[in-house]
$ cat protein.cif   # mmCIF, C-alpha atoms
data_coords
#
loop_
_atom_site.label_atom_id
_atom_site.label_comp_id
_atom_site.auth_asym_id
_atom_site.auth_seq_id
_atom_site.Cartn_x
_atom_site.Cartn_y
_atom_site.Cartn_z
CA MET A 198 228.49 73.71 -76.48
CA LYS A 199 229.86 73.80 -72.92
CA LEU A 200 231.19 76.97 -71.30
CA THR A 201 234.78 77.09 -70.11
CA LYS A 202 235.72 77.91 -66.52
CA PRO A 203 236.75 81.54 -67.33
CA GLN A 204 233.41 82.01 -69.12
CA ILE A 205 231.54 80.64 -66.08
CA GLU A 206 233.49 83.07 -63.89
CA GLN A 207 232.57 85.91 -66.26
CA VAL A 208 228.88 85.00 -65.97
CA LEU A 209 229.23 84.86 -62.17
CA GLY A 210 230.87 88.30 -62.20
CA CYS A 211 227.93 89.65 -64.17
CA ILE A 212 225.44 88.09 -61.70
CA LYS A 213 227.35 89.53 -58.73
CA GLN A 214 227.04 93.01 -60.20
CA LYS A 215 223.29 92.73 -60.64
CA CYS A 216 222.01 90.82 -57.63
CA SER A 217 222.50 89.95 -53.96
CA SER A 218 225.78 88.82 -52.46
CA TYR A 219 224.29 85.55 -51.19
CA ILE A 220 226.12 82.58 -52.67
CA ASP A 221 223.13 80.19 -52.77
CA VAL A 222 221.16 82.77 -54.78
CA GLN A 223 224.09 83.40 -57.12
CA MET A 224 224.67 79.65 -57.71
CA GLU A 225 221.07 78.95 -58.71
CA ILE A 226 221.02 81.92 -61.10
CA LEU A 227 224.47 80.99 -62.46
CA ASP A 228 223.42 77.48 -63.46
CA HIS A 229 220.25 78.76 -65.14
CA VAL A 230 222.05 81.52 -67.06
CA ALA A 231 225.03 79.33 -68.04
CA THR A 232 222.75 76.52 -69.30
CA SER A 233 220.71 79.06 -71.25
CA ILE A 234 223.89 80.51 -72.87
CA GLU A 235 225.11 77.01 -73.77
CA GLU A 236 221.77 76.15 -75.34
CA LYS A 237 221.71 79.38 -77.38
CA MET A 238 225.27 78.78 -78.63
CA THR A 239 224.41 75.17 -79.54
CA VAL A 240 221.29 76.15 -81.50
CA ASP A 241 223.06 79.00 -83.31
CA GLY A 242 226.63 77.89 -84.02
CA LYS A 243 227.62 81.41 -85.11
CA LEU A 244 226.54 83.05 -81.85
CA ASN A 245 229.52 83.98 -79.68
CA PHE A 246 229.63 83.86 -75.89
CA ASP A 247 229.25 87.62 -75.31
CA ASP A 248 226.17 87.91 -77.53
CA ALA A 249 224.63 84.81 -75.95
CA LEU A 250 225.17 86.35 -72.50
CA ILE A 251 223.50 89.61 -73.58
CA LYS A 252 220.58 87.67 -75.08
CA THR A 253 220.15 85.62 -71.93
CA ARG A 254 220.25 88.68 -69.68
CA ALA A 255 217.64 90.34 -71.88
CA SER A 256 215.37 87.28 -71.62
CA PHE A 257 215.01 87.97 -67.88
CA GLY A 258 213.16 91.20 -68.73
CA VAL A 259 213.33 94.59 -67.05
CA MET A 260 213.37 93.07 -63.56
CA GLY A 261 216.56 91.15 -64.41
CA PHE A 262 217.82 88.50 -62.02
CA SER A 263 215.84 90.00 -59.14
CA VAL A 264 212.86 87.83 -60.17
CA MET A 265 214.83 84.71 -59.25
CA GLU A 266 216.39 86.39 -56.22
CA ASP A 267 212.98 87.34 -54.79
CA ALA A 268 211.60 83.85 -55.47
CA ILE A 269 214.52 82.19 -53.68
CA MET A 270 214.29 84.57 -50.70
CA THR A 271 210.50 84.17 -50.33
CA GLY A 272 210.79 80.40 -50.67
CA LEU A 273 213.52 80.18 -48.02
CA LYS A 274 211.57 82.39 -45.59
CA ARG A 275 208.50 80.20 -46.00
CA LYS A 276 210.53 76.98 -45.72
CA TYR A 277 212.29 77.94 -42.47
CA ALA A 278 209.14 79.49 -40.97
CA LYS A 279 207.34 76.19 -41.50
CA LEU A 280 210.29 74.28 -40.11
CA PHE A 281 210.43 76.49 -37.00
CA ILE A 282 206.66 76.17 -36.38
CA LYS A 283 206.91 72.38 -36.84
CA ASN A 284 209.82 72.22 -34.39
CA PHE A 285 208.03 74.47 -31.87
CA PHE A 286 204.76 72.51 -31.83
CA SER A 287 206.56 69.15 -31.77
CA PHE A 288 207.28 69.90 -28.08
CA PHE A 289 203.57 70.05 -27.23
CA LYS A 290 203.32 66.28 -27.29
CA ASN A 291 202.72 63.98 -24.32
CA LYS A 292 206.35 62.91 -23.94
CA TYR A 293 207.59 66.51 -23.65
CA ILE A 294 204.63 68.23 -22.02
CA LEU A 295 205.23 66.54 -18.64
CA LEU A 296 208.87 67.59 -18.73
CA PHE A 297 207.97 71.23 -19.38
CA VAL A 298 205.27 71.19 -16.68
CA LEU A 299 207.95 69.90 -14.30
CA ILE A 300 210.34 72.68 -15.37
CA GLY A 301 207.56 75.25 -14.80
CA TYR A 302 206.81 73.78 -11.35
CA LEU A 303 210.50 73.74 -10.39
CA SER A 304 210.99 77.35 -11.51
CA PHE A 305 207.93 78.32 -9.40
CA LYS A 306 209.41 76.54 -6.34
CA PHE A 307 212.84 78.05 -7.04
CA GLN A 308 211.31 81.53 -7.03
CA GLU A 309 209.51 80.72 -3.76
CA ILE A 310 212.81 79.78 -2.16
CA LEU A 311 214.41 82.97 -3.43
CA ALA A 312 211.43 85.14 -2.44
CA ASN A 313 212.43 88.12 -0.28
CA LYS A 314 216.08 87.30 -1.03
CA VAL A 315 216.31 87.91 -4.77
CA ASP A 316 214.22 90.35 -6.82
CA ALA A 317 212.30 89.15 -9.92
CA PHE A 318 214.51 91.43 -12.01
CA ALA A 319 217.62 89.61 -10.80
CA ILE A 320 216.09 86.35 -12.08
CA TYR A 321 215.24 88.15 -15.31
CA ILE A 322 218.80 89.42 -15.74
CA SER A 323 220.13 85.88 -15.17
CA MET A 324 217.74 84.59 -17.83
CA CYS A 325 218.94 87.28 -20.26
CA ILE A 326 222.59 86.35 -19.68
CA ILE A 327 221.90 82.64 -20.27
CA VAL A 328 219.73 83.23 -23.37
CA TYR A 329 222.07 85.76 -24.98
CA GLY A 330 225.01 83.49 -24.14
CA ILE A 331 223.39 80.65 -26.09
CA VAL A 332 222.37 82.94 -28.97
CA PHE A 333 225.77 84.59 -29.39
CA TYR A 334 227.65 81.30 -29.00
CA THR A 335 225.51 79.74 -31.76
CA LEU A 336 225.55 82.72 -34.12
CA PHE A 337 229.30 83.18 -33.89
CA SER A 338 230.33 79.53 -33.63
CA LYS A 339 232.48 77.93 -36.30
CA ALA A 340 229.56 75.89 -37.67
CA ASN A 341 227.62 79.07 -38.30
CA ARG A 342 230.04 81.21 -40.25
CA GLN A 343 228.34 80.95 -43.65
CA LYS A 344 227.19 84.57 -43.55
CA LYS A 345 227.06 84.77 -47.33
CA ILE A 346 224.49 81.99 -47.62
CA MET A 347 220.91 83.19 -47.54
CA ALA A 348 219.59 79.87 -46.15
CA ASN A 349 221.93 80.30 -43.18
CA SER A 350 220.92 83.91 -42.52
CA ILE A 351 217.20 83.14 -42.73
CA SER A 352 217.44 80.03 -40.54
CA ASN A 353 219.13 82.16 -37.85
CA ILE A 354 216.33 84.75 -37.71
CA TYR A 355 214.37 82.88 -35.02
CA LEU A 356 217.40 82.63 -32.78
CA SER A 357 218.10 86.35 -33.22
CA CYS A 358 214.48 87.10 -32.30
CA SER A 359 214.70 85.47 -28.85
CA GLY A 360 215.35 89.01 -27.53
CA SER A 361 211.70 89.81 -28.29
CA PHE A 362 210.65 86.92 -26.06
CA LEU A 363 212.79 88.34 -23.25
CA LEU A 364 211.20 91.77 -23.75
CA LEU A 365 207.77 90.15 -23.36
CA ILE A 366 208.88 88.57 -20.07
CA PHE A 367 210.21 91.96 -18.93
CA ALA A 368 206.90 93.64 -19.73
CA ILE A 369 204.99 90.95 -17.82
CA ILE A 370 207.25 91.32 -14.77
CA VAL A 371 206.66 95.10 -14.76
CA LYS A 372 202.89 94.82 -15.25
CA THR A 373 202.29 92.05 -12.71
CA LYS A 374 204.70 93.10 -9.97
CA MET A 375 202.07 93.90 -7.32
CA LEU A 376 199.30 91.58 -8.55
CA THR A 377 198.12 88.24 -7.25
CA PHE A 378 196.29 85.42 -8.97
CA TYR A 379 194.21 83.14 -6.73
CA GLY A 380 196.49 84.11 -3.86
CA PHE A 381 199.72 83.42 -5.78
CA PRO A 382 202.09 86.22 -6.83
CA ALA A 383 201.28 86.88 -10.51
CA THR A 384 204.89 87.59 -11.50
CA GLN A 385 206.05 84.29 -10.05
CA LEU A 386 203.30 82.41 -11.92
CA ALA A 387 203.97 84.23 -15.18
CA ILE A 388 207.71 83.52 -15.02
CA SER A 389 207.00 79.85 -14.26
CA ILE A 390 204.89 79.60 -17.42
CA LEU A 391 207.22 81.67 -19.58
CA ILE A 392 210.45 79.84 -18.70
CA PRO A 393 209.32 76.51 -20.27
CA LEU A 394 207.94 78.43 -23.28
CA LEU A 395 211.25 80.30 -23.66
CA LEU A 396 213.11 76.98 -23.47
CA ILE A 397 210.86 75.49 -26.20
CA TYR A 398 211.42 78.61 -28.33
CA ILE A 399 215.21 78.50 -27.93
CA ILE A 400 215.45 74.76 -28.66
CA SER A 401 213.21 75.13 -31.76
CA ALA A 402 215.26 78.10 -32.99
CA LEU A 403 218.50 76.17 -32.42
CA LYS A 404 217.18 73.16 -34.35
CA THR A 405 216.10 75.42 -37.24
CA ALA A 406 219.47 77.20 -37.29
CA LYS A 407 221.28 73.85 -37.27
CA ILE A 408 219.45 72.65 -40.39
CA GLY A 409 220.24 75.95 -42.14
CA ALA A 410 223.91 75.65 -41.16
CA GLN A 411 224.12 72.07 -42.47
CA GLU A 412 222.58 73.02 -45.82
CA SER A 413 224.87 76.04 -46.10
CA LYS A 414 227.97 74.04 -45.24
CA SER A 415 227.26 71.52 -47.99
CA LEU A 416 226.85 74.30 -50.59
CA MET A 417 229.86 76.24 -49.33
CA GLU A 418 232.10 73.18 -49.74
CA LYS A 419 231.10 72.86 -53.40
CA TYR A 420 231.51 76.61 -53.96
CA SER A 421 234.98 76.54 -52.42
CA ILE A 422 236.03 73.67 -54.72
CA LEU A 423 234.86 75.59 -57.80
CA PHE A 424 235.94 79.10 -56.98
CA LYS A 425 238.84 78.48 -54.59
CA MET A 426 237.26 80.40 -51.76
CA VAL A 427 237.95 79.57 -48.12
CA MET B 188 201.40 81.40 -79.35
CA ALA B 189 201.37 83.85 -76.44
CA VAL B 190 199.63 82.09 -73.59
CA ASN B 191 197.95 84.19 -70.94
CA ASN B 192 200.11 83.90 -67.82
CA GLU B 193 197.08 83.95 -65.57
CA LEU B 194 195.77 80.78 -67.27
CA PHE B 195 199.15 79.12 -66.84
CA LYS B 196 199.63 80.10 -63.18
CA GLY B 197 196.78 78.05 -61.80
CA THR B 198 198.15 74.79 -63.14
CA LEU B 199 201.88 75.50 -62.94
CA GLN B 200 202.47 73.60 -59.70
CA THR B 201 200.66 70.56 -61.10
CA ILE B 202 202.72 70.75 -64.29
CA ILE B 203 205.98 70.83 -62.27
CA LEU B 204 204.90 68.01 -59.97
CA ASN B 205 203.84 65.88 -62.94
CA LEU B 206 207.11 66.51 -64.81
CA LEU B 207 209.09 65.51 -61.71
CA SER B 208 207.00 62.38 -61.21
CA GLU B 209 207.94 61.35 -64.76
CA ASN B 210 211.59 62.43 -64.64
CA GLU B 211 212.69 61.65 -61.05
CA ARG B 212 214.86 64.80 -60.72
CA MET B 213 215.27 67.93 -62.83
CA TYR B 214 216.98 71.32 -62.62
CA GLY B 215 215.29 74.67 -63.25
CA TYR B 216 216.36 75.30 -66.83
CA GLU B 217 215.62 71.69 -67.77
CA ILE B 218 212.00 72.16 -66.64
CA THR B 219 211.56 75.24 -68.87
CA GLN B 220 212.98 73.31 -71.84
CA LYS B 221 210.85 70.26 -71.16
CA VAL B 222 207.68 72.38 -71.16
CA LYS B 223 208.83 74.04 -74.38
CA SER B 224 209.58 70.73 -76.12
CA ILE B 225 206.40 68.93 -74.99
CA THR B 226 204.22 71.82 -76.17
CA GLN B 227 206.41 72.32 -79.27
CA GLY B 228 207.14 75.89 -78.25
CA GLU B 229 203.48 76.82 -77.72
CA LEU B 230 203.91 77.33 -73.99
CA LEU B 231 206.93 79.19 -72.64
CA LEU B 232 207.67 78.84 -68.95
CA LYS B 233 209.54 81.97 -67.85
CA GLU B 234 211.93 82.22 -64.91
CA GLY B 235 209.58 84.69 -63.20
CA ALA B 236 206.90 82.01 -63.00
CA LEU B 237 209.03 78.88 -62.60
CA TYR B 238 211.22 79.78 -59.63
CA PRO B 239 208.50 81.16 -57.31
CA ALA B 240 206.51 77.96 -57.99
CA LEU B 241 209.54 75.69 -57.41
CA HIS B 242 210.49 77.41 -54.16
CA LYS B 243 206.90 77.43 -52.92
CA LEU B 244 206.62 73.69 -53.58
CA GLU B 245 209.93 73.14 -51.77
CA ALA B 246 208.82 75.26 -48.81
CA ASP B 247 205.55 73.31 -48.65
CA GLY B 248 207.56 70.10 -48.38
CA LEU B 249 206.40 68.69 -51.73
CA LEU B 250 209.86 68.92 -53.31
CA GLU B 251 213.32 67.98 -52.09
CA THR B 252 216.54 69.47 -53.40
CA SER B 253 220.11 68.32 -53.81
CA THR B 254 223.15 70.10 -55.22
CA GLU B 255 225.93 68.72 -57.38
CA ILE B 256 228.95 70.13 -59.16
CA VAL B 257 228.21 69.90 -62.89
CA GLU B 258 230.29 71.50 -65.67
CA ASN B 259 232.13 74.02 -63.47
CA ARG B 260 229.08 75.15 -61.56
CA VAL B 261 226.74 74.05 -58.78
CA ARG B 262 223.49 72.59 -60.05
CA LYS B 263 220.39 72.35 -57.87
CA TYR B 264 218.17 69.38 -58.62
CA TYR B 265 214.52 69.21 -57.62
CA SER B 266 212.75 65.92 -56.95
CA LEU B 267 209.45 64.86 -55.42
CA SER B 268 209.37 64.26 -51.67
CA GLN B 269 207.20 61.48 -50.23
CA SER B 270 204.32 63.92 -49.66
CA GLY B 271 204.92 65.35 -53.15
CA GLU B 272 204.47 61.87 -54.64
CA ASN B 273 201.16 61.53 -52.82
CA GLU B 274 200.06 65.04 -53.78
CA VAL B 275 200.72 64.72 -57.52
CA VAL B 276 197.82 62.26 -57.94
CA ASN B 277 195.40 64.63 -56.18
CA LYS B 278 196.62 67.66 -58.09
CA LEU B 279 196.28 65.90 -61.46
CA GLN B 280 192.76 64.81 -60.60
CA GLU B 281 191.88 68.37 -59.54
CA VAL B 282 193.08 69.74 -62.89
CA LYS B 283 191.29 67.01 -64.87
CA ASP B 284 188.05 67.75 -63.02
CA PHE B 285 188.52 71.48 -63.57
CA ILE B 286 189.16 71.00 -67.32
CA SER B 287 186.04 68.88 -67.73
CA GLN B 288 183.97 71.48 -65.86
CA LEU B 289 185.53 74.25 -67.94
CA GLN B 290 184.71 72.41 -71.18
CA LEU B 291 181.17 72.00 -70.00
CA LEU B 292 180.89 75.68 -69.15
CA LEU B 293 182.47 76.94 -72.37
CA ASN B 294 180.46 74.55 -74.56
CA LEU B 295 177.33 75.82 -72.85
CA LYS B 296 178.32 79.41 -73.54
CA THR B 297 179.15 78.84 -77.21
CA SER B 298 175.88 76.98 -77.80
CA MET B 299 173.84 79.81 -76.29
#

$ encode --input "protein.cif" --output "structure tokens"
Amino acid sequence: MKLTKPQIEQVLGCIKQKCSSYIDVQMEILDHVATSIEEKMTVDGKLNFDDALIKTRASFGVMGFSVMEDAIMTGLKRKYAKLFIKNFFSFFKNKYILLFVLIGYLSFKFQEILANKVDAFAIYISMCIIVYGIVFYTLFSKANRQKKIMANSISNIYLSCSGSFLLLIFAIIVKTKMLTFYGFPATQLAISILIPLLLIYIISALKTAKIGAQESKSLMEKYSILFKMV
Amino acid sequence: MAVNNELFKGTLQTIILNLLSENERMYGYEITQKVKSITQGELLLKEGALYPALHKLEADGLLETSTEIVENRVRKYYSLSQSGENEVVNKLQEVKDFISQLQLLLNLKTSM
């Protein structure tokens, strides 16, 4: 016996009351619960929809739908963490490494030219503006508006965390301000190493967020068709 | 028969991978029903065990997923990825080896 659209909407309403507001989580639980109800009503022809729904909810135990919710969340965190790490380390290959060494060298030379003219903190502030510009543009762009999709939120975590990277650079600037390393200013050296690393981090985070946004968009389109949501 | 969950847990990923290698693609509820029908109701795969295993396998890159609109809802299908197809052979062999060792151990114990 197949459930009607109003019955599916009733099941969805019940799921929304009991678990997270993320659509991808709700959709996976909805299909499982609806199929279970259909099966129960097929096996027992006398069982009505409401009783089948109660029976199915009870079969999830005291933890309810949160068992599935936790599993989906943990799985997504693991999936995107692996994806981010894979993206990050893919840049430490021969074809990229020379490019990043060149960027590091150029940033060192650029700081030499600016020495005595511009303070290290001015360079740092410029970096912050550029990085936060990229982060905010990506997070609030049209392609990234699926806030109610858990995959999208989790895939954006690495981009949101780029502020921690900037804090690390700030701490290094403060700690190394008066130091030298083999005759070179330590701050200048540290910034030259950290700029390529920051670039690799941002590109990896952007690639991870893009995959999350693509997956979310595909699901959101189907959800909109079914539940008339824009 | 109530099967000890701890006994089931160790082989759950292999069971899922094997079912998907035989069925190409399946959705969550279908997997629970397949386990139930193959074991004639002796083994019951609960949601609390199935979904963490499915999502772990997906995160590890052994499973791929696709979604489709089916009967007024979105259905998520799981299928083996290329590395999942390679892994299923190893996992099955691991379980077979473990079962033979277990039989050996338990036979030894009962004969003592």

$ interface_residues --input "protein.cif" --of "chain A" --to "chain B" --cutoff "8 Å" --atoms "only C-alpha atoms" --output "ChimeraX atom specification"
/A:199-202,205,224-225,227-229,232-233,257,264-265,268-269,271-273,275-277,279,416,419-420,423

$ write_last_selection --input "protein.cif" --atoms "C-alpha atoms" --output "mmCIF file, in the frame of the given file"
data_model
loop_
_atom_site.group_PDB
_atom_site.id
_atom_site.type_symbol
_atom_site.label_atom_id
_atom_site.label_comp_id
_atom_site.auth_asym_id
_atom_site.auth_seq_id
_atom_site.Cartn_x
_atom_site.Cartn_y
_atom_site.Cartn_z
ATOM 1 C CA LYS A 199 229.860 73.800 -72.920
ATOM 2 C CA LEU A 200 231.190 76.970 -71.300
ATOM 3 C CA THR A 201 234.780 77.090 -70.110
ATOM 4 C CA LYS A 202 235.720 77.910 -66.520
ATOM 5 C CA ILE A 205 231.540 80.640 -66.080
ATOM 6 C CA MET A 224 224.670 79.650 -57.710
ATOM 7 C CA GLU A 225 221.070 78.950 -58.710
ATOM 8 C CA LEU A 227 224.470 80.990 -62.460
ATOM 9 C CA ASP A 228 223.420 77.480 -63.460
ATOM 10 C CA HIS A 229 220.250 78.760 -65.140
ATOM 11 C CA THR A 232 222.750 76.520 -69.300
ATOM 12 C CA SER A 233 220.710 79.060 -71.250
ATOM 13 C CA PHE A 257 215.010 87.970 -67.880
ATOM 14 C CA VAL A 264 212.860 87.830 -60.170
ATOM 15 C CA MET A 265 214.830 84.710 -59.250
ATOM 16 C CA ALA A 268 211.600 83.850 -55.470
ATOM 17 C CA ILE A 269 214.520 82.190 -53.680
ATOM 18 C CA THR A 271 210.500 84.170 -50.330
ATOM 19 C CA GLY A 272 210.790 80.400 -50.670
ATOM 20 C CA LEU A 273 213.520 80.180 -48.020
ATOM 21 C CA ARG A 275 208.500 80.200 -46.000
ATOM 22 C CA LYS A 276 210.530 76.980 -45.720
ATOM 23 C CA TYR A 277 212.290 77.940 -42.470
ATOM 24 C CA LYS A 279 207.340 76.190 -41.500
ATOM 25 C CA LEU A 416 226.850 74.300 -50.590
ATOM 26 C CA LYS A 419 231.100 72.860 -53.400
ATOM 27 C CA TYR A 420 231.510 76.610 -53.960
ATOM 28 C CA LEU A 423 234.860 75.590 -57.800
#

$ atom_distance --input "protein.cif" --atom1 "CA of Thr377 (chain A)" --atom2 "CA of Ser361 (chain A)"
25.1 Å

$ resolve_selection --input "protein.cif" --expression "the PyMOL selection byres ((chain B and resi 212) around 10)" --output "tab-separated table (two decimals) with C-alpha atoms, keeping the file's coordinate frame"
chain	number	residue	atom	x	y	z
B	206	LEU	CA	207.11	66.51	-64.81
B	207	LEU	CA	209.09	65.51	-61.71
B	208	SER	CA	207.00	62.38	-61.21
B	209	GLU	CA	207.94	61.35	-64.76
B	210	ASN	CA	211.59	62.43	-64.64
B	211	GLU	CA	212.69	61.65	-61.05
B	213	MET	CA	215.27	67.93	-62.83
B	214	TYR	CA	216.98	71.32	-62.62
B	217	GLU	CA	215.62	71.69	-67.77
B	218	ILE	CA	212.00	72.16	-66.64
B	250	LEU	CA	209.86	68.92	-53.31
B	251	GLU	CA	213.32	67.98	-52.09
B	252	THR	CA	216.54	69.47	-53.40
B	253	SER	CA	220.11	68.32	-53.81
B	263	LYS	CA	220.39	72.35	-57.87
B	264	TYR	CA	218.17	69.38	-58.62
B	265	TYR	CA	214.52	69.21	-57.62
B	266	SER	CA	212.75	65.92	-56.95
B	267	LEU	CA	209.45	64.86	-55.42

$ resolve_selection --input "protein.cif" --expression "the PyMOL selection byres ((chain A and resi 396) around 12)" --output "VMD selection string"
chain A and resid 285 288 293 296 to 298 300 to 301 324 327 to 328 331 356 359 362 to 363 388 to 395 397 to 403

$ atom_distance --input "protein.cif" --atom1 "CA of Thr219 (chain B)" --atom2 "CA of Gln269 (chain B)"
23.6 Å

$ atom_distance --input "protein.cif" --atom1 "CA of Leu204 (chain B)" --atom2 "CA of Leu279 (chain B)"
9.0 Å

$ closest_residue --input "protein.cif" --among "A:Val315, A:Leu244, A:Ala231, A:Ile226" --to "Pro203 (chain A)" --atoms "only C-alpha atoms"
A:Ala231

$ closest_residue --input "protein.cif" --among "A:Lys292, A:Lys314, A:Lys215, A:Thr405" --to "Thr335 (chain A)" --atoms "all atoms listed in the file"
A:Thr405

$ resolve_selection --input "protein.cif" --expression "the PyMOL selection byres ((chain A and resi 235) around 10)" --output "PyMOL selection string"
chain A and resi 198-200+230-234+236-241+246+249-250

$ closest_residue --input "protein.cif" --among "A:Ile370, A:Met260, A:Ala406, A:Met417" --to "Ala319 (chain A)" --atoms "only C-alpha atoms"
A:Ile370

$ build_atoms --input "protein.cif" --residues "region 362-369 of chain A" --atoms "all heavy atoms" --output "PDB file, in the coordinates of the input"
ATOM      1  N   PHE A 362     211.267  87.756 -27.092  1.00  0.00           N
ATOM      2  CA  PHE A 362     210.650  86.920 -26.060  1.00  0.00           C
ATOM      3  C   PHE A 362     211.041  87.441 -24.675  1.00  0.00           C
ATOM      4  O   PHE A 362     210.211  87.542 -23.773  1.00  0.00           O
ATOM      5  CB  PHE A 362     211.136  85.469 -26.245  1.00  0.00           C
ATOM      6  CG  PHE A 362     210.142  84.444 -25.794  1.00  0.00           C
ATOM      7  CD1 PHE A 362     209.473  83.654 -26.713  1.00  0.00           C
ATOM      8  CD2 PHE A 362     209.869  84.267 -24.439  1.00  0.00           C
ATOM      9  CE1 PHE A 362     208.551  82.709 -26.301  1.00  0.00           C
ATOM     10  CE2 PHE A 362     208.952  83.317 -24.018  1.00  0.00           C
ATOM     11  CZ  PHE A 362     208.292  82.536 -24.951  1.00  0.00           C
ATOM     12  N   LEU A 363     212.314  87.820 -24.531  1.00  0.00           N
ATOM     13  CA  LEU A 363     212.790  88.340 -23.250  1.00  0.00           C
ATOM     14  C   LEU A 363     212.121  89.678 -22.918  1.00  0.00           C
ATOM     15  O   LEU A 363     211.797  89.959 -21.773  1.00  0.00           O
ATOM     16  CB  LEU A 363     214.309  88.498 -23.280  1.00  0.00           C
ATOM     17  CG  LEU A 363     215.090  87.180 -23.275  1.00  0.00           C
ATOM     18  CD1 LEU A 363     216.558  87.431 -23.580  1.00  0.00           C
ATOM     19  CD2 LEU A 363     214.965  86.466 -21.942  1.00  0.00           C
ATOM     20  N   LEU A 364     211.894  90.484 -23.955  1.00  0.00           N
ATOM     21  CA  LEU A 364     211.200  91.770 -23.750  1.00  0.00           C
ATOM     22  C   LEU A 364     209.779  91.540 -23.243  1.00  0.00           C
ATOM     23  O   LEU A 364     209.283  92.266 -22.382  1.00  0.00           O
ATOM     24  CB  LEU A 364     211.154  92.558 -25.061  1.00  0.00           C
ATOM     25  CG  LEU A 364     212.353  93.439 -25.365  1.00  0.00           C
ATOM     26  CD1 LEU A 364     212.198  94.085 -26.732  1.00  0.00           C
ATOM     27  CD2 LEU A 364     212.495  94.543 -24.297  1.00  0.00           C
ATOM     28  N   LEU A 365     209.136  90.499 -23.787  1.00  0.00           N
ATOM     29  CA  LEU A 365     207.770  90.150 -23.360  1.00  0.00           C
ATOM     30  C   LEU A 365     207.781  89.770 -21.876  1.00  0.00           C
ATOM     31  O   LEU A 365     206.923  90.224 -21.111  1.00  0.00           O
ATOM     32  CB  LEU A 365     207.252  88.983 -24.221  1.00  0.00           C
ATOM     33  CG  LEU A 365     205.912  88.406 -23.802  1.00  0.00           C
ATOM     34  CD1 LEU A 365     204.772  89.345 -24.192  1.00  0.00           C
ATOM     35  CD2 LEU A 365     205.679  87.039 -24.464  1.00  0.00           C
ATOM     36  N   ILE A 366     208.771  88.982 -21.489  1.00  0.00           N
ATOM     37  CA  ILE A 366     208.880  88.570 -20.070  1.00  0.00           C
ATOM     38  C   ILE A 366     209.091  89.809 -19.193  1.00  0.00           C
ATOM     39  O   ILE A 366     208.467  89.953 -18.145  1.00  0.00           O
ATOM     40  CB  ILE A 366     210.035  87.551 -19.893  1.00  0.00           C
ATOM     41  CG1 ILE A 366     209.710  86.267 -20.666  1.00  0.00           C
ATOM     42  CG2 ILE A 366     210.257  87.235 -18.407  1.00  0.00           C
ATOM     43  CD1 ILE A 366     210.807  85.220 -20.657  1.00  0.00           C
ATOM     44  N   PHE A 367     209.943  90.726 -19.679  1.00  0.00           N
ATOM     45  CA  PHE A 367     210.210  91.960 -18.930  1.00  0.00           C
ATOM     46  C   PHE A 367     208.921  92.753 -18.723  1.00  0.00           C
ATOM     47  O   PHE A 367     208.618  93.199 -17.618  1.00  0.00           O
ATOM     48  CB  PHE A 367     211.256  92.810 -19.674  1.00  0.00           C
ATOM     49  CG  PHE A 367     211.614  94.078 -18.968  1.00  0.00           C
ATOM     50  CD1 PHE A 367     212.499  94.059 -17.900  1.00  0.00           C
ATOM     51  CD2 PHE A 367     211.061  95.294 -19.346  1.00  0.00           C
ATOM     52  CE1 PHE A 367     212.832  95.226 -17.238  1.00  0.00           C
ATOM     53  CE2 PHE A 367     211.376  96.465 -18.678  1.00  0.00           C
ATOM     54  CZ  PHE A 367     212.276  96.427 -17.622  1.00  0.00           C
ATOM     55  N   ALA A 368     208.161  92.884 -19.798  1.00  0.00           N
ATOM     56  CA  ALA A 368     206.900  93.640 -19.730  1.00  0.00           C
ATOM     57  C   ALA A 368     205.951  92.989 -18.734  1.00  0.00           C
ATOM     58  O   ALA A 368     205.278  93.683 -17.949  1.00  0.00           O
ATOM     59  CB  ALA A 368     206.260  93.710 -21.116  1.00  0.00           C
ATOM     60  N   ILE A 369     205.894  91.655 -18.736  1.00  0.00           N
ATOM     61  CA  ILE A 369     204.990  90.950 -17.820  1.00  0.00           C
ATOM     62  C   ILE A 369     205.437  91.136 -16.364  1.00  0.00           C
ATOM     63  O   ILE A 369     204.610  91.359 -15.475  1.00  0.00           O
ATOM     64  CB  ILE A 369     204.897  89.450 -18.207  1.00  0.00           C
ATOM     65  CG1 ILE A 369     204.080  89.338 -19.501  1.00  0.00           C
ATOM     66  CG2 ILE A 369     204.253  88.614 -17.104  1.00  0.00           C
ATOM     67  CD1 ILE A 369     204.075  87.998 -20.137  1.00  0.00           C
TER      68      ILE A 369
END
